[in-house]
>>> print(open('work28.txt').read())   # compact mmCIF, C-alpha atoms
# COMPACT_ATOMS: atom_id res chain seq x y z
CA VAL A 561 0.00 0.00 0.00
CA SER A 562 1.46 3.32 -1.05
CA ASP A 563 1.38 6.41 1.14
CA ARG A 564 -2.13 7.71 0.65
CA SER A 565 -2.04 10.48 3.20
CA GLN A 566 -2.23 13.19 0.56
CA GLY A 567 -4.97 11.55 -1.51
CA PRO A 568 -5.29 11.77 -5.30
CA ARG A 569 -5.13 15.13 -7.06
CA PRO A 570 -8.58 16.77 -7.13
CA ARG A 571 -8.84 16.43 -10.90
CA VAL A 572 -8.22 12.67 -10.70
CA ARG A 573 -10.60 12.21 -7.80
CA ASP A 574 -13.38 14.22 -9.45
CA GLN A 575 -12.98 12.35 -12.71
CA ILE A 576 -13.05 8.93 -11.03
CA LEU A 577 -16.08 9.70 -8.89
CA ALA A 578 -18.05 11.33 -11.73
CA THR A 579 -17.34 8.43 -14.08
CA THR A 580 -18.29 5.89 -11.42
CA GLN A 581 -21.58 7.67 -10.81
CA GLU A 582 -22.33 7.65 -14.55
CA LEU A 583 -21.47 3.96 -14.97
CA ILE A 584 -23.68 2.94 -12.04
CA ALA A 585 -26.52 5.23 -13.17
CA GLU A 586 -26.42 3.71 -16.65
CA GLY A 587 -25.89 0.01 -15.95
CA GLY A 588 -26.37 -0.53 -12.25
CA TYR A 589 -23.67 -1.69 -9.88
CA ALA A 590 -23.12 -4.85 -11.94
CA ALA A 591 -21.87 -2.72 -14.86
CA PHE A 592 -19.34 -0.97 -12.66
CA THR A 593 -15.94 -2.66 -12.86
CA ILE A 594 -12.45 -1.22 -12.56
CA ASP A 595 -11.88 -2.09 -16.24
CA ALA A 596 -14.99 -0.14 -17.27
CA LEU A 597 -13.89 2.75 -15.07
CA VAL A 598 -10.41 2.85 -16.61
CA SER A 599 -11.84 2.72 -20.09
CA ALA A 600 -14.51 5.41 -19.51
CA SER A 601 -12.43 7.80 -17.41
CA GLY A 602 -9.15 7.66 -19.30
CA ILE A 603 -7.31 7.32 -15.99
CA SER A 604 -4.87 4.44 -15.76
CA LYS A 605 -5.51 1.32 -13.71
CA THR A 606 -2.24 1.96 -11.85
CA THR A 607 -3.51 5.35 -10.72
CA VAL A 608 -6.89 3.93 -9.67
CA TYR A 609 -5.27 1.22 -7.57
CA ARG A 610 -2.79 3.69 -6.13
CA TRP A 611 -5.63 5.53 -4.39
CA TRP A 612 -8.43 2.97 -4.09
CA ASP A 613 -8.32 -0.64 -2.86
CA ASN A 614 -11.07 -2.15 -4.98
CA ARG A 615 -14.35 -1.35 -6.66
CA ALA A 616 -16.25 -1.28 -3.37
CA HIS A 617 -13.89 1.45 -2.18
CA VAL A 618 -14.50 3.55 -5.31
CA ALA A 619 -18.25 2.93 -5.14
CA LEU A 620 -18.57 3.93 -1.48
CA ASP A 621 -16.43 7.06 -1.98
CA THR A 622 -18.69 7.96 -4.90
CA MET A 623 -21.81 7.32 -2.84
CA HIS A 624 -20.58 9.55 -0.02
CA ALA A 625 -19.51 12.29 -2.43
CA ALA A 626 -22.77 12.22 -4.38
CA TYR A 627 -25.36 11.54 -1.69
CA GLY A 628 -23.59 12.61 1.49
CA TRP A 629 -23.84 10.91 4.80
CA PRO A 630 -27.14 10.88 6.61
CA ALA A 631 -27.82 14.36 7.92
CA GLU A 632 -26.53 15.34 11.35
CA PRO A 633 -29.14 14.14 13.81
CA ALA A 634 -31.50 16.92 14.78
CA GLY A 635 -33.34 17.40 18.04
CA ASP A 636 -32.76 18.80 21.47
CA ASP A 637 -32.81 15.62 23.49
CA PRO A 638 -30.93 12.32 23.03
CA ILE A 639 -33.99 10.24 22.11
CA SER A 640 -35.11 12.71 19.43
CA ARG A 641 -31.60 12.64 18.03
CA ILE A 642 -31.63 8.83 17.84
CA ARG A 643 -35.01 8.91 16.08
CA SER A 644 -33.78 11.58 13.69
CA TYR A 645 -30.59 9.68 12.87
CA LEU A 646 -32.45 6.43 12.15
CA SER A 647 -35.11 8.13 10.03
CA ALA A 648 -32.42 9.84 7.96
CA GLU A 649 -30.74 6.45 7.48
CA VAL A 650 -34.00 4.92 6.21
CA GLU A 651 -34.41 7.76 3.72
CA TYR A 652 -30.78 7.42 2.65
CA GLN A 653 -31.10 3.69 2.00
CA ASN A 654 -34.40 4.19 0.18
CA GLY A 655 -32.76 6.77 -2.11
CA PRO A 656 -30.12 6.43 -4.84
CA ALA A 657 -27.52 5.22 -2.32
CA GLY A 658 -29.56 2.04 -1.77
CA PRO A 659 -28.67 0.21 -5.00
CA ILE A 660 -24.97 1.07 -4.54
CA LEU A 661 -25.04 -0.35 -1.01
CA ARG A 662 -26.79 -3.47 -2.24
CA GLY A 663 -24.16 -3.90 -4.94
CA VAL A 664 -21.29 -3.49 -2.50
CA PHE A 665 -22.89 -5.98 -0.09
CA ALA A 666 -23.35 -8.45 -2.93
CA ASP A 667 -19.73 -8.04 -3.99
CA SER A 668 -18.37 -8.47 -0.52
CA GLN A 669 -20.13 -11.80 0.09
CA LEU A 670 -18.08 -13.50 -2.57
CA ARG A 671 -14.82 -11.54 -2.16
CA PRO A 672 -13.68 -11.34 1.48
CA ALA A 673 -11.25 -8.45 0.85
CA LEU A 674 -14.20 -6.25 0.00
CA ALA A 675 -15.93 -7.06 3.30
CA GLU A 676 -13.15 -5.20 5.10
CA THR A 677 -13.70 -2.14 2.88
CA LEU A 678 -17.45 -2.27 3.48
CA SER A 679 -16.99 -2.52 7.21
CA ARG A 680 -14.43 0.29 7.37
CA LEU A 681 -16.27 2.76 5.12
CA TYR A 682 -19.88 1.99 5.91
CA LEU A 683 -20.78 -0.30 8.82
CA ALA A 684 -18.19 0.76 11.40
CA PRO A 685 -18.76 4.54 11.14
CA ARG A 686 -22.52 4.04 11.45
CA GLN A 687 -22.15 1.69 14.40
CA GLU A 688 -19.90 4.28 16.06
CA ALA A 689 -22.35 7.09 15.36
CA MET A 690 -25.21 5.12 16.90
CA GLU A 691 -23.14 4.09 19.92
CA SER A 692 -22.21 7.71 20.45
CA LEU A 693 -25.88 8.77 20.35
CA LEU A 694 -26.73 6.07 22.89
CA ARG A 695 -23.87 7.12 25.18
CA ALA A 696 -25.16 10.69 25.04
CA GLY A 697 -28.49 9.32 26.23
CA ILE A 698 -26.79 7.63 29.19
CA THR A 699 -24.87 10.76 30.08
CA GLY A 700 -28.06 12.77 29.69
CA GLY A 701 -29.82 10.53 32.19
CA VAL A 702 -32.52 9.15 29.89
CA LEU A 703 -30.97 5.75 29.06
CA ARG A 704 -29.99 3.09 31.58
CA GLU A 705 -26.46 3.25 32.90
CA ASP A 706 -25.87 -0.50 32.50
CA LEU A 707 -26.88 -0.48 28.81
CA ASP A 708 -25.08 -2.93 26.50
CA VAL A 709 -24.30 -0.11 24.05
CA PRO A 710 -22.80 -2.11 21.13
CA VAL A 711 -25.68 -4.59 21.04
CA ALA A 712 -28.34 -1.89 21.46
CA ALA A 713 -26.76 0.07 18.57
CA LEU A 714 -26.75 -3.05 16.40
CA MET A 715 -30.40 -3.75 17.23
CA LEU A 716 -31.39 -0.28 16.05
CA SER A 717 -29.51 -0.31 12.75
CA ALA A 718 -29.68 -3.98 11.71
CA PRO A 719 -33.43 -4.02 10.95
CA LEU A 720 -32.85 -1.28 8.36
CA LEU A 721 -30.08 -3.29 6.76
CA GLN A 722 -32.13 -6.49 6.72
CA THR A 723 -34.93 -4.59 5.01
CA LEU A 724 -32.53 -3.12 2.46
CA LEU A 725 -30.92 -6.47 1.62
CA GLY A 726 -33.78 -8.88 2.16
CA SER A 727 -36.88 -7.19 0.90
CA ALA A 728 -38.11 -6.19 -2.51
CA ALA A 729 -40.06 -3.30 -0.95
CA PRO A 730 -38.51 -0.17 0.53
CA ALA A 731 -38.40 0.05 4.31
CA PRO A 732 -41.65 1.33 5.83
CA ALA A 733 -41.30 4.99 6.79
CA ASP A 734 -42.14 4.28 10.42
CA ILE A 735 -39.61 1.48 10.98
CA ALA A 736 -37.19 3.85 12.75
CA ASP A 737 -39.74 5.13 15.27
CA ARG A 738 -41.21 1.69 15.87
CA SER A 739 -37.75 0.24 16.59
CA VAL A 740 -36.97 3.02 19.05
CA ASP A 741 -40.36 2.56 20.72
CA VAL A 742 -39.86 -1.20 21.17
CA LEU A 743 -36.36 -0.73 22.54
CA LEU A 744 -37.28 2.12 24.88
CA ALA A 745 -40.13 0.24 26.50
CA GLY A 746 -38.52 -3.19 26.48
CA ILE A 747 -40.55 -6.28 25.73
CA ALA A 748 -41.00 -7.64 29.27
CA ARG A 749 -44.45 -7.26 30.78
CA PRO A 750 -44.36 -4.35 33.21
CA ARG A 751 -44.77 -5.43 36.83
CA VAL A 752 -47.95 -4.04 38.29
CA VAL B 1132 -45.30 -22.23 -13.83
CA SER B 1133 -46.20 -25.90 -14.05
CA ASP B 1134 -48.16 -27.72 -11.38
CA ARG B 1135 -45.56 -28.48 -8.77
CA SER B 1136 -47.85 -29.92 -6.15
CA GLN B 1137 -46.37 -33.41 -6.51
CA GLY B 1138 -42.73 -32.31 -6.54
CA PRO B 1139 -39.96 -33.97 -8.57
CA ARG B 1140 -39.43 -37.73 -8.41
CA PRO B 1141 -37.22 -38.64 -5.41
CA ARG B 1142 -34.38 -39.80 -7.68
CA VAL B 1143 -34.32 -36.44 -9.49
CA ARG B 1144 -34.53 -34.46 -6.29
CA ASP B 1145 -31.78 -36.44 -4.57
CA GLN B 1146 -29.50 -36.16 -7.59
CA ILE B 1147 -30.03 -32.39 -7.90
CA LEU B 1148 -29.47 -31.69 -4.21
CA ALA B 1149 -26.40 -33.97 -3.94
CA THR B 1150 -24.81 -32.43 -7.04
CA THR B 1151 -25.52 -28.91 -5.77
CA GLN B 1152 -23.91 -29.71 -2.45
CA GLU B 1153 -20.81 -31.06 -4.22
CA LEU B 1154 -20.50 -28.05 -6.55
CA ILE B 1155 -20.76 -25.58 -3.67
CA ALA B 1156 -18.38 -27.60 -1.48
CA GLU B 1157 -15.81 -27.64 -4.29
CA GLY B 1158 -16.03 -24.15 -5.70
CA GLY B 1159 -18.14 -22.09 -3.33
CA TYR B 1160 -21.46 -20.56 -4.22
CA ALA B 1161 -19.90 -18.63 -7.13
CA ALA B 1162 -19.16 -21.95 -8.89
CA PHE B 1163 -22.76 -23.05 -8.60
CA THR B 1164 -24.74 -22.22 -11.71
CA ILE B 1165 -27.68 -23.99 -13.33
CA ASP B 1166 -25.42 -24.77 -16.31
CA ALA B 1167 -22.84 -26.41 -14.03
CA LEU B 1168 -25.62 -28.31 -12.28
CA VAL B 1169 -27.05 -29.62 -15.55
CA SER B 1170 -23.63 -30.67 -16.74
CA ALA B 1171 -22.60 -32.39 -13.49
CA SER B 1172 -25.92 -34.06 -12.67
CA GLY B 1173 -26.91 -35.28 -16.10
CA ILE B 1174 -30.43 -33.95 -15.50
CA SER B 1175 -31.84 -31.67 -18.18
CA LYS B 1176 -32.25 -27.95 -17.76
CA THR B 1177 -35.95 -28.32 -18.61
CA THR B 1178 -36.40 -30.69 -15.68
CA VAL B 1179 -34.47 -28.40 -13.30
CA TYR B 1180 -36.60 -25.39 -14.22
CA ARG B 1181 -39.76 -27.48 -14.06
CA TRP B 1182 -39.26 -27.92 -10.31
CA TRP B 1183 -37.05 -25.02 -9.24
CA ASP B 1184 -37.34 -21.29 -10.02
CA ASN B 1185 -33.67 -20.33 -10.04
CA ARG B 1186 -30.33 -21.16 -8.48
CA ALA B 1187 -31.24 -19.57 -5.16
CA HIS B 1188 -34.21 -21.94 -4.94
CA VAL B 1189 -32.00 -25.00 -5.59
CA ALA B 1190 -29.34 -23.73 -3.17
CA LEU B 1191 -31.79 -23.09 -0.32
CA ASP B 1192 -33.49 -26.47 -0.83
CA THR B 1193 -30.05 -28.07 -0.70
CA MET B 1194 -29.13 -26.14 2.42
CA HIS B 1195 -32.32 -27.20 4.19
CA ALA B 1196 -31.91 -30.84 3.12
CA ALA B 1197 -28.24 -30.99 4.13
CA TYR B 1198 -28.12 -28.85 7.26
CA GLY B 1199 -31.73 -28.84 8.41
CA TRP B 1200 -33.53 -25.92 9.92
CA PRO B 1201 -32.42 -24.57 13.25
CA ALA B 1202 -33.41 -27.06 15.94
CA GLU B 1203 -36.83 -26.80 17.55
CA PRO B 1204 -36.46 -24.25 20.33
CA ALA B 1205 -35.96 -25.97 23.69
CA GLY B 1206 -36.97 -24.74 27.11
CA ASP B 1207 -39.99 -24.75 29.37
CA ASP B 1208 -40.77 -21.03 29.32
CA PRO B 1209 -41.22 -18.59 26.42
CA ILE B 1210 -38.04 -16.58 27.13
CA SER B 1211 -35.85 -19.69 27.26
CA ARG B 1212 -37.36 -20.80 23.98
CA ILE B 1213 -36.56 -17.45 22.35
CA ARG B 1214 -32.96 -17.64 23.60
CA SER B 1215 -32.67 -21.22 22.40
CA TYR B 1216 -34.05 -20.39 18.96
CA LEU B 1217 -31.69 -17.44 18.46
CA SER B 1218 -28.64 -19.36 19.68
CA ALA B 1219 -29.44 -22.20 17.28
CA GLU B 1220 -29.70 -19.64 14.49
CA VAL B 1221 -26.24 -18.22 15.31
CA GLU B 1222 -24.76 -21.73 15.22
CA TYR B 1223 -26.55 -22.47 11.96
CA GLN B 1224 -25.24 -19.31 10.27
CA ASN B 1225 -21.72 -19.93 11.61
CA GLY B 1226 -21.77 -23.46 10.14
CA PRO B 1227 -21.73 -24.72 6.53
CA ALA B 1228 -25.08 -23.06 5.81
CA GLY B 1229 -23.47 -19.62 6.25
CA PRO B 1230 -21.58 -19.45 2.93
CA ILE B 1231 -24.66 -20.67 1.04
CA LEU B 1232 -26.78 -17.96 2.65
CA ARG B 1233 -24.17 -15.35 1.86
CA GLY B 1234 -24.10 -16.49 -1.76
CA VAL B 1235 -27.89 -16.36 -2.08
CA PHE B 1236 -27.98 -12.89 -0.53
CA ALA B 1237 -25.27 -11.72 -2.95
CA ASP B 1238 -27.18 -13.16 -5.89
CA SER B 1239 -30.47 -11.60 -4.88
CA GLN B 1240 -29.06 -8.05 -4.65
CA LEU B 1241 -28.39 -7.97 -8.36
CA ARG B 1242 -31.30 -10.11 -9.54
CA PRO B 1243 -34.64 -9.01 -8.04
CA ALA B 1244 -36.44 -12.26 -8.92
CA LEU B 1245 -34.15 -14.09 -6.52
CA ALA B 1246 -35.04 -11.75 -3.66
CA GLU B 1247 -38.57 -13.16 -3.71
CA THR B 1248 -37.18 -16.71 -3.45
CA LEU B 1249 -34.90 -15.71 -0.57
CA SER B 1250 -37.74 -14.06 1.27
CA ARG B 1251 -40.14 -16.96 0.77
CA LEU B 1252 -37.73 -19.77 1.65
CA TYR B 1253 -35.56 -18.14 4.30
CA LEU B 1254 -36.53 -14.76 5.75
CA ALA B 1255 -40.31 -15.10 5.97
CA PRO B 1256 -40.38 -18.50 7.74
CA ARG B 1257 -37.84 -17.28 10.30
CA GLN B 1258 -39.71 -14.04 10.88
CA GLU B 1259 -42.90 -16.09 11.40
CA ALA B 1260 -41.15 -18.48 13.80
CA MET B 1261 -39.84 -15.59 15.89
CA GLU B 1262 -43.20 -13.80 15.89
CA SER B 1263 -44.85 -17.01 17.05
CA LEU B 1264 -42.35 -17.36 19.94
CA LEU B 1265 -43.03 -13.74 20.96
CA ARG B 1266 -46.80 -14.26 20.82
CA ALA B 1267 -46.39 -17.32 23.06
CA GLY B 1268 -44.62 -15.02 25.51
CA ILE B 1269 -47.54 -12.59 25.45
CA THR B 1270 -50.06 -15.39 25.96
CA GLY B 1271 -47.86 -16.79 28.72
CA GLY B 1272 -47.94 -13.45 30.52
CA VAL B 1273 -44.21 -12.68 30.41
CA LEU B 1274 -44.18 -10.23 27.48
CA ARG B 1275 -46.14 -7.00 27.27
CA GLU B 1276 -49.57 -7.22 25.71
CA ASP B 1277 -49.07 -4.12 23.56
CA LEU B 1278 -45.83 -5.45 22.01
CA ASP B 1279 -45.11 -4.50 18.37
CA VAL B 1280 -44.48 -8.15 17.50
CA PRO B 1281 -43.21 -7.79 13.89
CA VAL B 1282 -40.67 -5.10 14.81
CA ALA B 1283 -39.52 -6.91 17.96
CA ALA B 1284 -39.01 -10.11 15.92
CA LEU B 1285 -36.99 -8.20 13.34
CA MET B 1286 -34.86 -6.59 16.05
CA LEU B 1287 -33.96 -10.02 17.42
CA SER B 1288 -33.02 -11.65 14.13
CA ALA B 1289 -31.57 -8.74 12.10
CA PRO B 1290 -28.37 -8.38 14.19
CA LEU B 1291 -27.48 -11.98 13.34
CA LEU B 1292 -28.00 -11.29 9.66
CA GLN B 1293 -25.98 -8.08 9.75
CA THR B 1294 -23.15 -10.00 11.39
CA LEU B 1295 -23.35 -12.77 8.77
CA LEU B 1296 -23.36 -10.37 5.82
CA GLY B 1297 -21.27 -7.51 7.13
CA SER B 1298 -18.52 -8.99 9.19
CA ALA B 1299 -15.47 -11.05 8.33
CA ALA B 1300 -15.66 -12.68 11.79
CA PRO B 1301 -18.31 -15.19 12.88
CA ALA B 1302 -21.01 -13.86 15.20
CA PRO B 1303 -19.96 -13.84 18.86
CA ALA B 1304 -21.49 -16.81 20.69
CA ASP B 1305 -23.26 -14.55 23.19
CA ILE B 1306 -24.94 -12.24 20.67
CA ALA B 1307 -28.28 -14.06 21.04
CA ASP B 1308 -28.42 -13.77 24.83
CA ARG B 1309 -27.19 -10.17 24.81
CA SER B 1310 -29.88 -9.17 22.31
CA VAL B 1311 -32.61 -10.80 24.38
CA ASP B 1312 -31.25 -9.14 27.54
CA VAL B 1313 -31.28 -5.66 25.95
CA LEU B 1314 -34.77 -6.12 24.58
CA LEU B 1315 -36.20 -7.59 27.79
CA ALA B 1316 -34.96 -4.76 29.94
CA GLY B 1317 -35.50 -1.95 27.46
CA ILE B 1318 -33.03 0.87 27.14
CA ALA B 1319 -34.90 3.61 29.04
CA ARG B 1320 -33.54 4.47 32.46
CA PRO B 1321 -35.78 2.84 35.07
CA ARG B 1322 -37.77 5.35 37.11
CA VAL B 1323 -36.76 5.22 40.74
>>> encode(input="work28.txt", output="structure tokens")
Amino acid sequence: VSDRSQGPRPRVRDQILATTQELIAEGGYAAFTIDALVSASGISKTTVYRWWDNRAHVALDTMHAAYGWPAEPAGDDPISRIRSYLSAEVEYQNGPAGPILRGVFADSQLRPALAETLSRLYLAPRQEAMESLLRAGITGGVLREDLDVPVAALMLSAPLLQTLLGSAAPAPADIADRSVDVLLAGIARPRV
Amino acid sequence: VSDRSQGPRPRVRDQILATTQELIAEGGYAAFTIDALVSASGISKTTVYRWWDNRAHVALDTMHAAYGWPAEPAGDDPISRIRSYLSAEVEYQNGPAGPILRGVFADSQLRPALAETLSRLYLAPRQEAMESLLRAGITGGVLREDLDVPVAALMLSAPLLQTLLGSAAPAPADIADRSVDVLLAGIARPRV
């Protein structure tokens, strides 16, 4: 791995990301290969692999550049911020980022090197963001102090991912709020 | 679609499932195509497509025939049965069924017709099984009567799927119990 601390020149980066977006828009993720990218962008394969690890890396960079990350969670209290974050994530996955994510997930099932890229650029940052929102809720006194934060974070985000990858239909708009409601109340029958 | 109520003759079915298992064991899910199956089994493509919709259908039938479904949940009370069911599911996904599931999920991201097969033969039956365990908990008086059963079921099973599809490492053995613990207690700070 070469020293990537400086990143590619802006012209190279812009060209790569714009071409990737075009290729995916025209032919779907399946049509997006490094060979197609080299051919359509006029940038050499050596240069592509100097700055990007694989096609999942290019695709996720393109997705973030084109569609952003989910908006900063809005709201004055920790629970509203968790709801806001999850709702934004549902909208994000239901938008043009969804098919790119599905393509990268498909790719990474059959090529283990890509799973590391997917985890580093997509799953891990989102898990960290959710854990941080939950910890703010503990500090703010609204969530239990003994909360298993990593598992609770996973339980909030995983249903969205299962819906994205396992359903033909888009996620229902209320899935975020319903998940938060179930988790806030717990499933055990309240003692009377 | 022809009338499939009788199913293929046992000899045909056995030959198809055994050949599929061999192809996947030798070359992974990527090596398993209907063309390879026809060539290795000596059974015609017409016969394969008479009884199976696509390669995901053949692969999931093979997986169920070879590795079974997760064991019947054990335990005398509804919560033990939920824990037992989820733990069995973790073991199942961490075993030889895991790579087949990953392959079918990969396939179905890029070919929408396969997503219906995956949902019908894998996701929907498991969602129903989990919902039925939760409803038994409501009837048994240990889970809250106003529980959002579909969302709670999804929150219990989706973390396992996210781990299967998004992580290079197998699911931690305690993920099932930790999920049940978080959901039982709820995340809200108890009122004192």
>>> closest_residue(input="work28.txt", among="B:Arg1266, B:Arg1142, B:Arg1233, B:Arg1257", to="chain A", atoms="all atoms listed in the file")
B:Arg1233
>>> interface_residues(input="work28.txt", of="chain A", to="chain B", cutoff="9 Å", atoms="only C-alpha atoms", output="PDB file with C-alpha atoms, keeping the file's coordinate frame")
ATOM      1  CA  GLY A 588     -26.370  -0.530 -12.250  1.00  0.00           C
ATOM      2  CA  TYR A 589     -23.670  -1.690  -9.880  1.00  0.00           C
ATOM      3  CA  ALA A 590     -23.120  -4.850 -11.940  1.00  0.00           C
ATOM      4  CA  PRO A 659     -28.670   0.210  -5.000  1.00  0.00           C
ATOM      5  CA  ARG A 662     -26.790  -3.470  -2.240  1.00  0.00           C
ATOM      6  CA  GLY A 663     -24.160  -3.900  -4.940  1.00  0.00           C
ATOM      7  CA  PHE A 665     -22.890  -5.980  -0.090  1.00  0.00           C
ATOM      8  CA  ALA A 666     -23.350  -8.450  -2.930  1.00  0.00           C
ATOM      9  CA  ASP A 667     -19.730  -8.040  -3.990  1.00  0.00           C
ATOM     10  CA  SER A 668     -18.370  -8.470  -0.520  1.00  0.00           C
ATOM     11  CA  GLN A 669     -20.130 -11.800   0.090  1.00  0.00           C
ATOM     12  CA  LEU A 670     -18.080 -13.500  -2.570  1.00  0.00           C
ATOM     13  CA  PRO A 672     -13.680 -11.340   1.480  1.00  0.00           C
ATOM     14  CA  ALA A 673     -11.250  -8.450   0.850  1.00  0.00           C
ATOM     15  CA  ALA A 675     -15.930  -7.060   3.300  1.00  0.00           C
ATOM     16  CA  GLU A 676     -13.150  -5.200   5.100  1.00  0.00           C
ATOM     17  CA  LEU A 678     -17.450  -2.270   3.480  1.00  0.00           C
ATOM     18  CA  SER A 679     -16.990  -2.520   7.210  1.00  0.00           C
ATOM     19  CA  LEU A 683     -20.780  -0.300   8.820  1.00  0.00           C
ATOM     20  CA  ILE A 698     -26.790   7.630  29.190  1.00  0.00           C
ATOM     21  CA  GLY A 701     -29.820  10.530  32.190  1.00  0.00           C
ATOM     22  CA  VAL A 702     -32.520   9.150  29.890  1.00  0.00           C
ATOM     23  CA  LEU A 703     -30.970   5.750  29.060  1.00  0.00           C
ATOM     24  CA  ARG A 704     -29.990   3.090  31.580  1.00  0.00           C
ATOM     25  CA  GLU A 705     -26.460   3.250  32.900  1.00  0.00           C
ATOM     26  CA  LEU A 707     -26.880  -0.480  28.810  1.00  0.00           C
ATOM     27  CA  ASP A 708     -25.080  -2.930  26.500  1.00  0.00           C
ATOM     28  CA  VAL A 711     -25.680  -4.590  21.040  1.00  0.00           C
ATOM     29  CA  ALA A 712     -28.340  -1.890  21.460  1.00  0.00           C
ATOM     30  CA  LEU A 714     -26.750  -3.050  16.400  1.00  0.00           C
ATOM     31  CA  MET A 715     -30.400  -3.750  17.230  1.00  0.00           C
ATOM     32  CA  LEU A 716     -31.390  -0.280  16.050  1.00  0.00           C
ATOM     33  CA  SER A 717     -29.510  -0.310  12.750  1.00  0.00           C
ATOM     34  CA  ALA A 718     -29.680  -3.980  11.710  1.00  0.00           C
ATOM     35  CA  PRO A 719     -33.430  -4.020  10.950  1.00  0.00           C
ATOM     36  CA  LEU A 720     -32.850  -1.280   8.360  1.00  0.00           C
ATOM     37  CA  LEU A 721     -30.080  -3.290   6.760  1.00  0.00           C
ATOM     38  CA  GLN A 722     -32.130  -6.490   6.720  1.00  0.00           C
ATOM     39  CA  THR A 723     -34.930  -4.590   5.010  1.00  0.00           C
ATOM     40  CA  LEU A 725     -30.920  -6.470   1.620  1.00  0.00           C
ATOM     41  CA  GLY A 726     -33.780  -8.880   2.160  1.00  0.00           C
ATOM     42  CA  SER A 727     -36.880  -7.190   0.900  1.00  0.00           C
ATOM     43  CA  ALA A 728     -38.110  -6.190  -2.510  1.00  0.00           C
ATOM     44  CA  ILE A 735     -39.610   1.480  10.980  1.00  0.00           C
ATOM     45  CA  ARG A 738     -41.210   1.690  15.870  1.00  0.00           C
ATOM     46  CA  SER A 739     -37.750   0.240  16.590  1.00  0.00           C
ATOM     47  CA  ASP A 741     -40.360   2.560  20.720  1.00  0.00           C
ATOM     48  CA  VAL A 742     -39.860  -1.200  21.170  1.00  0.00           C
ATOM     49  CA  LEU A 743     -36.360  -0.730  22.540  1.00  0.00           C
ATOM     50  CA  LEU A 744     -37.280   2.120  24.880  1.00  0.00           C
ATOM     51  CA  ALA A 745     -40.130   0.240  26.500  1.00  0.00           C
ATOM     52  CA  GLY A 746     -38.520  -3.190  26.480  1.00  0.00           C
ATOM     53  CA  ILE A 747     -40.550  -6.280  25.730  1.00  0.00           C
ATOM     54  CA  ALA A 748     -41.000  -7.640  29.270  1.00  0.00           C
ATOM     55  CA  ARG A 749     -44.450  -7.260  30.780  1.00  0.00           C
ATOM     56  CA  PRO A 750     -44.360  -4.350  33.210  1.00  0.00           C
TER      57      PRO A 750
END
>>> atom_distance(input="work28.txt", atom1="atom CA of Trp612 of chain A", atom2="atom CA of Ser692 of chain A")
28.5 Å
>>> residues_around(input="work28.txt", residues="Thr622 of chain A", least_positions_apart="2", cutoff="9 Å", atoms="only C-alpha atoms", output="MDAnalysis selection string")
chainID A and resid 576:578 580:581 617:620 624:627
>>> closest_residue(input="work28.txt", among="B:Ala1156, B:Asp1207, B:Pro1301, B:Asp1184", to="Leu1252 of chain B", atoms="all atoms listed in the file")
B:Asp1184
>>> atom_distance(input="work28.txt", atom1="atom CA of Ile1165 of chain B", atom2="atom CA of Asp1145 of chain B")
15.8 Å
>>> atom_distance(input="work28.txt", atom1="atom CA of Gly587 of chain A", atom2="atom CA of Arg569 of chain A")
27.2 Å
>>> decode(input="work28.txt", residues="segment 1270-1277 of chain B", atoms="N, CA, C and O atoms", output="tab-separated table (two decimals), in the first residue's frame")
chain	number	residue	atom	x	y	z
B	1270	THR	N	-49.03	-14.51	25.41
B	1270	THR	CA	-50.06	-15.39	25.96
B	1270	THR	C	-49.65	-15.93	27.33
B	1270	THR	O	-50.46	-16.05	28.24
B	1271	GLY	N	-48.36	-16.24	27.47
B	1271	GLY	CA	-47.86	-16.79	28.72
B	1271	GLY	C	-47.68	-15.75	29.82
B	1271	GLY	O	-47.28	-16.08	30.93
B	1272	GLY	N	-47.94	-14.48	29.48
B	1272	GLY	CA	-47.94	-13.45	30.52
B	1272	GLY	C	-46.57	-12.87	30.85
B	1272	GLY	O	-46.46	-12.08	31.78
B	1273	VAL	N	-45.53	-13.24	30.09
B	1273	VAL	CA	-44.21	-12.68	30.41
B	1273	VAL	C	-43.82	-11.52	29.50
B	1273	VAL	O	-42.92	-10.75	29.81
B	1274	LEU	N	-44.48	-11.37	28.36
B	1274	LEU	CA	-44.18	-10.23	27.48
B	1274	LEU	C	-45.38	-9.28	27.45
B	1274	LEU	O	-46.53	-9.70	27.64
B	1275	ARG	N	-45.08	-8.00	27.18
B	1275	ARG	CA	-46.14	-7.00	27.27
B	1275	ARG	C	-47.22	-7.21	26.20
B	1275	ARG	O	-46.92	-7.58	25.07
B	1276	GLU	N	-48.44	-6.94	26.60
B	1276	GLU	CA	-49.57	-7.22	25.71
B	1276	GLU	C	-49.62	-6.29	24.51
B	1276	GLU	O	-50.15	-6.65	23.46
B	1277	ASP	N	-49.03	-5.08	24.66
B	1277	ASP	CA	-49.07	-4.12	23.56
B	1277	ASP	C	-47.81	-4.19	22.68
B	1277	ASP	O	-47.50	-3.26	21.96
